[in-house]
Every structure is written in structure tokens, then in C-alpha cells.
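File shown: work-v9.txt (compact mmCIF, C-alpha atoms).
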```txt
# COMPACT_ATOMS: atom_id res chain seq x y z
CA MET A 156 29.91 211.54 -17.90
CA PHE A 157 28.07 208.23 -17.83
CA ILE A 158 29.65 205.19 -19.45
CA PHE A 159 26.30 204.05 -20.86
CA ILE A 160 25.75 207.26 -22.80
CA SER A 161 27.32 206.18 -26.09
CA ILE A 162 26.22 202.53 -25.88
CA GLY A 163 22.87 203.00 -27.56
CA SER A 164 24.34 204.91 -30.48
CA VAL A 165 27.03 202.32 -31.21
CA GLN A 166 24.69 199.36 -30.78
CA ILE A 167 22.23 200.93 -33.20
CA VAL A 168 24.99 201.43 -35.78
CA LYS A 169 26.09 197.81 -35.53
CA ALA A 170 22.50 196.55 -35.53
CA GLN A 171 21.65 198.62 -38.60
CA LEU A 172 24.71 197.14 -40.30
CA SER A 173 23.81 193.52 -39.67
CA ASP A 174 20.92 192.65 -37.32
CA LEU A 175 17.44 192.53 -38.82
CA ALA A 176 15.76 191.10 -35.72
CA ARG A 177 16.82 190.14 -32.20
CA LEU A 178 15.24 188.80 -29.00
CA GLU A 179 17.40 189.00 -25.87
CA TYR A 180 17.34 188.31 -22.14
CA SER A 181 19.80 189.76 -19.60
CA PHE A 182 20.14 189.04 -15.89
CA ILE A 183 22.29 190.60 -13.15
CA PRO A 184 21.78 189.27 -9.60
CA SER A 185 22.73 191.60 -6.76
CA SER A 186 25.53 190.47 -4.44
CA ARG A 187 24.60 190.11 -0.77
CA SER A 188 20.96 191.08 -1.27
CA ASP A 189 17.65 189.88 -2.74
CA ASP A 190 17.68 192.54 -5.47
CA HIS A 191 18.25 191.60 -9.10
CA TYR A 192 18.10 193.18 -12.52
CA THR A 193 16.41 191.67 -15.59
CA ARG A 194 16.12 193.12 -19.08
CA LEU A 195 14.03 191.88 -21.99
CA LYS A 196 14.89 193.30 -25.41
CA ALA A 197 13.23 193.10 -28.83
CA LEU A 198 14.73 194.73 -31.91
CA VAL A 199 13.75 194.88 -35.56
CA ASN A 200 15.31 196.71 -38.53
CA TYR A 201 13.97 196.87 -42.07
CA PRO A 202 16.28 198.02 -44.89
CA ILE A 203 14.61 199.69 -47.89
CA LYS A 204 16.67 199.83 -51.06
CA ILE A 205 16.62 203.35 -52.52
CA LYS A 206 19.27 203.04 -55.22
CA ASP A 207 21.78 200.40 -56.24
CA LYS A 208 23.83 200.69 -53.02
CA ASP A 209 21.77 203.19 -50.98
CA TYR A 210 19.47 202.08 -48.17
CA LEU A 211 16.92 203.68 -45.87
CA ILE A 212 16.76 201.68 -42.64
CA VAL A 213 13.68 201.93 -40.42
CA GLY A 214 13.51 200.06 -37.14
CA GLY A 215 12.63 200.02 -33.50
CA GLU A 216 13.84 198.62 -30.21
CA TYR A 217 12.00 197.95 -26.98
CA ASN A 218 13.66 197.27 -23.60
CA ARG A 219 11.67 196.30 -20.52
CA ILE A 220 13.84 196.58 -17.43
CA LEU A 221 12.71 194.80 -14.25
CA LEU A 222 14.64 195.98 -11.19
CA ASN A 223 13.06 193.71 -8.53
CA LEU A 224 14.14 195.80 -5.53
CA GLU A 225 13.44 193.43 -2.64
CA ASP A 226 15.67 195.02 0.05
CA GLU A 227 14.51 197.72 2.47
CA TYR A 228 14.82 201.29 1.13
CA PRO A 229 13.91 204.66 2.70
CA PHE A 230 11.33 205.30 -0.04
CA ASN A 231 8.62 203.49 -1.98
CA THR A 232 10.30 201.42 -4.74
CA SER A 233 7.12 200.18 -6.44
CA GLN A 234 7.33 202.61 -9.38
CA LEU A 235 10.96 201.60 -10.03
CA ASN A 236 10.18 197.90 -10.48
CA LYS A 237 9.56 198.33 -14.21
CA LEU A 238 11.28 200.72 -16.63
CA HIS A 239 10.66 201.12 -20.36
CA VAL A 240 13.13 202.22 -23.05
CA ILE A 241 11.62 202.57 -26.54
CA ASP A 242 13.63 203.66 -29.59
CA LEU A 243 12.55 204.54 -33.11
CA ASN A 244 15.56 204.19 -35.40
CA ILE A 245 15.77 205.89 -38.79
CA GLY A 246 18.99 205.60 -40.74
CA TYR A 247 20.30 206.19 -44.23
CA THR A 248 23.48 204.74 -45.71
CA PHE A 249 25.08 205.18 -49.10
CA LYS A 250 28.28 204.24 -50.90
CA ALA A 251 30.60 207.27 -50.99
CA ASN A 252 33.34 205.53 -52.99
CA GLU A 253 34.83 202.08 -53.43
CA ASP A 254 36.30 202.09 -49.92
CA TRP A 255 33.87 204.06 -47.75
CA ARG A 256 30.18 203.88 -46.97
CA LEU A 257 28.65 206.89 -45.19
CA GLY A 258 25.51 207.00 -43.11
CA PHE A 259 23.52 208.86 -40.52
CA LYS A 260 20.76 208.02 -38.07
CA ILE A 261 18.28 209.69 -35.76
CA SER A 262 16.73 207.86 -32.82
CA PRO A 263 13.93 209.46 -30.81
CA ARG A 264 13.67 207.66 -27.46
CA ILE A 265 11.17 207.21 -24.64
CA ALA A 266 12.90 206.16 -21.39
CA SER A 267 10.66 206.25 -18.36
CA THR A 268 8.87 204.48 -15.54
CA LEU A 269 5.65 205.17 -17.52
CA THR A 270 3.46 205.17 -14.41
CA HIS A 271 1.21 207.80 -16.05
CA SER A 272 0.90 209.81 -19.28
CA LEU A 273 3.97 210.77 -21.30
CA SER A 274 5.67 214.12 -20.77
CA MET A 275 8.63 215.85 -22.41
CA GLU A 276 10.87 214.61 -19.56
CA ASP A 277 10.32 211.04 -20.79
CA MET A 278 11.67 211.84 -24.26
CA PHE A 279 15.28 211.93 -25.44
CA LEU A 280 17.05 212.20 -28.77
CA ASN A 281 20.03 210.23 -30.04
CA GLY A 282 21.71 210.53 -33.40
CA GLY A 283 24.94 210.29 -35.28
CA VAL A 284 26.93 210.31 -38.51
CA PHE A 285 29.25 207.49 -39.52
CA GLY A 286 31.92 206.44 -41.96
CA ILE A 287 32.30 202.70 -42.58
CA LYS A 288 35.20 201.10 -44.40
CA ASP A 289 34.17 197.46 -44.79
CA ARG A 290 36.74 195.13 -46.34
CA THR A 291 35.55 191.94 -44.65
CA ASP A 292 34.84 190.37 -48.06
CA ALA A 293 38.06 191.60 -49.69
CA GLU A 294 40.11 188.98 -51.50
CA ASP A 295 43.17 191.14 -52.17
CA ILE A 296 44.28 191.35 -48.51
CA ASP A 297 45.36 188.63 -46.08
CA LYS A 298 43.48 189.96 -43.05
CA PRO A 299 40.04 191.45 -43.91
CA TYR A 300 38.79 194.23 -41.63
CA ARG A 301 36.03 196.74 -40.93
CA LEU A 302 36.53 200.24 -39.52
CA ILE A 303 33.70 202.47 -38.25
CA LEU A 304 34.34 206.12 -37.38
CA GLY A 305 31.60 208.39 -36.15
CA LEU A 306 30.17 211.21 -34.10
CA THR A 307 27.16 210.59 -31.87
CA TYR A 308 24.85 212.91 -29.97
CA ASN A 309 22.76 211.94 -26.96
CA THR A 310 20.58 214.31 -24.93
CA THR A 311 21.20 212.41 -21.66
CA THR A 312 24.91 213.22 -21.58
CA GLY A 313 24.50 216.81 -20.49
CA VAL A 314 27.21 217.59 -23.07
CA PRO A 315 25.91 219.97 -25.79
CA PHE A 316 28.09 218.60 -28.61
CA PRO A 317 28.67 215.29 -30.43
CA LEU A 318 31.02 212.67 -28.99
CA PRO A 319 33.41 210.59 -31.15
CA PHE A 320 33.71 206.82 -31.28
CA ILE A 321 35.64 204.19 -33.18
CA SER A 322 35.10 200.49 -33.81
CA TYR A 323 37.63 198.21 -35.52
CA PHE A 324 37.23 194.55 -36.55
CA ARG A 325 39.91 192.34 -38.11
CA LEU A 326 39.85 188.72 -39.23
CA VAL A 327 43.28 187.28 -38.37
CA ASN A 328 42.77 183.90 -40.06
CA LYS A 329 39.98 181.37 -40.58
CA HIS A 330 39.91 180.59 -36.84
CA TRP A 331 40.55 183.93 -35.10
CA SER A 332 39.27 187.51 -35.16
CA TYR A 333 39.26 190.49 -32.83
CA SER A 334 37.16 193.62 -32.41
CA LEU A 335 38.13 196.83 -30.58
CA GLY A 336 35.65 199.55 -29.67
CA VAL A 337 32.70 200.63 -27.56
CA PRO A 338 30.47 199.18 -26.20
CA LYS A 339 32.22 195.86 -26.75
CA SER A 340 35.67 194.48 -27.56
CA ASN A 341 36.29 190.79 -28.09
CA ILE A 342 38.51 188.02 -29.36
CA LYS A 343 36.67 185.26 -31.25
CA TYR A 344 37.61 181.69 -32.03
CA PHE A 345 35.71 179.99 -34.89
CA TYR A 346 35.43 176.28 -34.15
CA LYS A 347 34.27 174.27 -37.13
CA GLU A 348 31.38 175.82 -39.10
CA LYS A 349 28.64 176.55 -36.58
CA ASN A 350 30.42 177.25 -33.27
CA ILE A 351 32.03 180.52 -32.19
CA PHE A 352 33.70 181.09 -28.80
CA GLN A 353 34.84 184.45 -27.51
CA SER A 354 36.23 186.42 -24.60
CA PHE A 355 34.93 189.97 -24.22
CA VAL A 356 34.78 193.20 -22.26
CA ALA A 357 31.66 195.32 -22.62
CA LEU A 358 29.66 198.26 -21.30
CA ASP A 359 25.95 198.20 -20.58
CA GLY A 360 23.35 200.32 -18.82
CA TYR A 361 20.35 202.62 -19.07
CA PHE A 362 19.07 206.09 -18.15
CA ALA A 363 15.36 206.78 -17.54
CA ASN A 364 13.01 209.43 -16.20
CA ILE A 365 11.12 208.86 -12.94
CA GLN A 366 7.62 210.21 -13.55
CA ASN A 367 6.83 210.52 -9.84
CA PRO A 368 10.04 212.07 -8.43
CA ILE A 369 11.38 210.63 -5.17
CA GLN A 370 12.28 212.77 -2.16
CA ILE A 371 15.60 211.47 -0.82
CA ASN A 372 18.68 212.85 0.99
CA GLY A 373 17.36 216.40 0.93
CA GLY A 374 16.85 216.37 -2.83
CA VAL A 375 14.47 215.20 -5.52
CA ALA A 376 15.40 212.18 -7.67
CA ASP A 377 14.06 212.68 -11.20
CA ASN A 378 16.14 210.03 -12.98
CA ILE A 379 17.51 206.53 -12.47
CA SER A 380 20.61 205.16 -14.16
CA LEU A 381 22.70 202.01 -14.35
CA SER A 382 26.25 201.85 -15.70
CA VAL A 383 28.11 198.56 -15.76
CA ALA A 384 31.39 197.24 -17.19
CA ILE A 385 31.66 193.49 -17.73
CA GLY A 386 34.27 190.94 -18.71
CA GLY A 387 33.54 187.33 -19.58
CA LEU A 388 33.13 184.52 -22.09
CA GLY A 389 30.58 184.01 -24.85
CA TYR A 390 29.31 181.37 -27.24
CA GLU A 391 27.42 181.62 -30.54
CA TYR A 392 25.72 178.78 -32.42
CA CYS A 393 24.94 179.39 -36.08
CA PHE A 394 21.80 177.50 -37.11
CA THR A 395 22.26 179.03 -40.56
CA LYS A 396 24.39 181.83 -41.99
CA HIS A 397 21.72 184.30 -40.86
CA LEU A 398 20.14 182.76 -37.73
CA VAL A 399 22.34 182.78 -34.62
CA ALA A 400 21.77 181.92 -30.94
CA TYR A 401 24.18 183.35 -28.36
CA ALA A 402 24.96 183.37 -24.64
CA TYR A 403 27.41 185.39 -22.55
CA LEU A 404 28.51 184.80 -18.96
CA GLY A 405 30.65 187.34 -17.17
CA TYR A 406 31.43 189.29 -14.04
CA THR A 407 31.07 193.03 -13.54
CA PHE A 408 34.19 194.97 -12.61
CA ARG A 409 32.27 198.24 -12.34
CA LEU A 410 28.58 198.53 -11.43
CA ASN A 411 26.77 201.71 -10.44
CA ASN A 412 22.96 201.92 -10.06
CA GLN A 413 21.87 205.35 -8.84
CA LEU A 414 19.04 207.83 -8.41
CA ARG A 415 19.91 211.26 -9.83
CA ASP A 416 18.41 214.72 -9.66
CA ASP A 417 17.39 216.84 -12.64
CA ASN A 418 21.00 218.03 -13.08
CA ARG A 419 22.30 214.41 -13.19
CA ASN A 420 23.83 214.71 -9.71
CA ASN A 421 23.95 211.52 -7.63
CA LEU A 422 21.40 211.45 -4.80
CA TYR A 423 21.14 207.80 -3.74
CA LYS A 424 23.15 204.70 -4.61
CA LEU A 425 20.97 201.62 -5.04
CA THR A 426 23.98 199.32 -5.43
CA ASP A 427 27.62 199.30 -6.48
CA LEU A 428 28.49 195.70 -5.60
CA ASN A 429 30.03 193.69 -8.44
CA THR A 430 28.34 190.48 -9.40
CA PHE A 431 27.72 187.93 -12.17
CA TYR A 432 26.20 188.86 -15.53
CA PHE A 433 24.27 186.68 -17.99
CA ARG A 434 22.88 187.54 -21.43
CA SER A 435 21.40 185.30 -24.10
CA GLY A 436 19.26 185.61 -27.17
CA ILE A 437 18.67 184.82 -30.78
CA LYS A 438 19.17 187.09 -33.79
CA PHE A 439 18.53 187.12 -37.51
CA LYS A 440 21.28 188.99 -39.35
CA ILE A 441 22.25 189.89 -42.88
```

Using C-alpha cells, write down the structure that the file contains.
Amino acid sequence: MFIFISIGSVQIVKAQLSDLARLEYSFIPSSRSDDHYTRLKALVNYPIKIKDKDYLIVGGEYNRILLNLEDEYPFNTSQLNKLHVIDLNIGYTFKANEDWRLGFKISPRIASTLTHSLSMEDMFLNGGVFGIKDRTDAEDIDKPYRLILGLTYNTTTGVPFPLPFISYFRLVNKHWSYSLGVPKSNIKYFYKEKNIFQSFVALDGYFANIQNPIQINGGVADNISLSVAIGGLGYEYCFTKHLVAYAYLGYTFRLNNQLRDDNRNNLYKLTDLNTFYFRSGIKFKI
């Protein structure tokens, strides 16, 4: 229903597989207006070894979204200038056999304008189960790969059952790899030891509760959402094997920022004009 629905679940899976900490900045200027979108993200994951190959992973993620709505609108935009998305991530992964690792996660979420005290409308629940076949370190095959299959559940979809996803990574040779899946697919080129270039397509977005609903177009807007599809180029610099800085520059080929009522129906379109996209950060990974 919304393209950003499954993004959080897949990002959490990938982060719990590799990222222990991340700081990130994203920026989307609005075409033909003074509006722009900024997101600041902080993420941390802590793996706790339970058995020889079993891990409990506890983590959290905070996103501060700054909308900066400078154009004229038929309602007060002050409470929409700052949105908060806070996740608590709890996962468990274990080795099922020599080929497959299984895991599950649960992610309570707060996504809201947070202009006053929390309510149940500010809270959402994400979760999923996953199977991971990771042969990226295999020496008996020419092209190492990793396959992730899963089912995810998200309370913001309006769909009362889990949704499937798939992610596939393959190393073609020492210079090239590709990854197919959601929220991101890419082709990477490894230049020397510390430099990685890539082309990518990706999905991004958010969904949050408006604590003071807005009267607009004969309805009441209780939620705000952004869904965006991007294509572009990226660069990673590896300070060490575990510490990586990255930057992505792209252009949106689908952008939809809307106010929605309590049934997720569209009430007011803030913008749908495609524009440039920039994201950069630094991460510490396994």
C-alpha cells in the first residue's frame, strides 16, 4: 500500500547482520519551492553471544525528520516541522545447519510529531522472521553470495498479515558485486583496497502520527507520510575493515509526501515533485 512500509524491516535485518553503529544525514530539497526535507539518523546494535553461534541482538534507532515547510499552506504547519521515529530492536539469530541461519526480530516503534504526551496512536509494531544463507566467505565456489528470505509484519500497512521479501547479494569477482532486493539494489565496483563505487536504486520514507490532527479538505489528517524512490551513484571509503564513510547522490523518480486520515486515505498532497537526493554518514560494521 505504501512503498516505505517494508523498508524499516529490511533495513533492520541488514543492520543487525552487519552494522553495529551508524550516524547518517539525508537531504531532499523541494523543486520549485522553499521547502526541503532533512533527516538525522543514529543507530546502534549490540550482539550478545548466547551459545557458540547463537546471538541475541539488542539495539535502537532514532530518526529526527525536519520538514522545513516554508511555502504557504491552508493550515498551520508548525507542528509538522519536526517528526520523531524511535525504534527498539530486539533480535535473535541462530545457526540452523551448515547452510542456513535463522532469526527473528520485534521492533516496537514510536513515530509521531511528539508535540505533547505519548498516546497509543504514536506507537506501532514491526517484526519478522528470516532465513539467511550466507556463503560470502565460501572458498569452494567461484562467486560467493548471500540470500535472505523473510516475512515481515508492520502495523502501518493496514494489511493484517505478514508480507514477504527477498534480498540477494553476489560477488562476481574481486572488483564487482551486485545486490537485488528491497529497499535497495546496487552494482558495486571495488577500486583498490579502500574505495568502493556503486550505482543504486532505493526506496525511502516514513509514516508518523500527527498528535494534533489537521482539518483539511473536509476531513481530518491524523497521519503524515513520505514515500520516495531514488536512483543514483554512491561512494564508500573504508578507513579500516570495520569503519566506513559513505555518500550517495541521486534523483527521485517517485516522490509522494501526503497528509492522510485515520484510514490511510490521502487528504492533502504536500509535494510530488521529483528532485535531488543526498545521503551521507559513517558506520561501524562487523

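With CA of Arg419 (chain A) on one side and CA of Ala384 (chain A) on the other, the separation reads 19.8 Å.
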
Skipping near chain neighbours, those fewer than 4 positions away, what residues fall within 7 Å of Ser354 (chain A) using only C-alpha atoms, listed as a PyMOL selection string?
chain A and resi 341-343+387-389

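Between CA of Gln370 (chain A) and CA of Asp189 (chain A) there is a distance of 23.5 Å.
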
For the contact check between region 366-397 of chain A and region 318-338 of chain A, emit one row per residue of region 366-397 of chain A within 12 Å, containing the shortest atom pair and the distance in Å rounded to one decimal, counting all atoms listed in the file, chain then rising number order, as JSON lines.
```
{"residue": "A:Ser382", "atom": "CA", "partner": "A:Pro338", "partner_atom": "CA", "distance": 11.6}
{"residue": "A:Val383", "atom": "CA", "partner": "A:Pro338", "partner_atom": "CA", "distance": 10.7}
{"residue": "A:Ala384", "atom": "CA", "partner": "A:Pro338", "partner_atom": "CA", "distance": 9.3}
{"residue": "A:Ile385", "atom": "CA", "partner": "A:Pro338", "partner_atom": "CA", "distance": 10.3}
{"residue": "A:Gly386", "atom": "CA", "partner": "A:Pro338", "partner_atom": "CA", "distance": 11.8}
```

Between A:Leu410, A:Leu428, A:Ile437, A:Leu198, which one has atoms that come closest to Tyr390 (chain A), using all atoms listed in the file?
A:Ile437

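Distances to Gly374 (chain A) were evaluated for A:Arg434, A:Arg415, A:Lys196, A:Lys440 using all atoms listed in the file, and the minimum falls at A:Arg415.
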